[in-house]
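**Q** To start, I am sharing the structure in question, which I have written as structure tokens.
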Amino acid sequence: MAELKLGKLPDRTPVKLSITITPDLQTDLQSYATMYAETYGVEEPIAELVPAMLVSFLEGDRSFVRAREARRRGQK
């Protein structure tokens, strides 16, 4: 079998997640969506922004990233 530069793509099947949030958080998310639209000139629904926010949060948590990488190395 040929060795390709690009590895096998990960599973990209969407997973639906339902959560309950506080009214204050809803207000803050709406404010963020408004600021996002003002900044980029594109209105995005909160449901589209939240997954990107979560990815950004997780990637920015250095302790989490180090632990995740250590676990991955341990599994190989």
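Chain identifiers are assigned as A, B, and so on, following the order in which chains appear in the structure tokens; residues are numbered from 1 within each chain, and ligands are numbered from 1 in order of appearance.
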From a DSSP calculation on the backbone, collect every residue of chain A in alpha helix (DSSP H) and output the set as a PyMOL selection string.
**A** chain A and resi 23-40+46-60+62-75
**Q** Taking only C-alpha atoms into account, which of A:Arg68, A:Glu3, A:Pro51, A:Tyr40 comes nearest Val15 (chain A)?
**A** A:Pro51
**Q** Pick out the residues sitting within 12 Å of region 22-35 of chain A, and hand them over as a VMD selection string; count only C-alpha atoms, and ignore anything fewer than 6 positions along from it in its own chain.
**A** chain A and resid 41 to 50 53
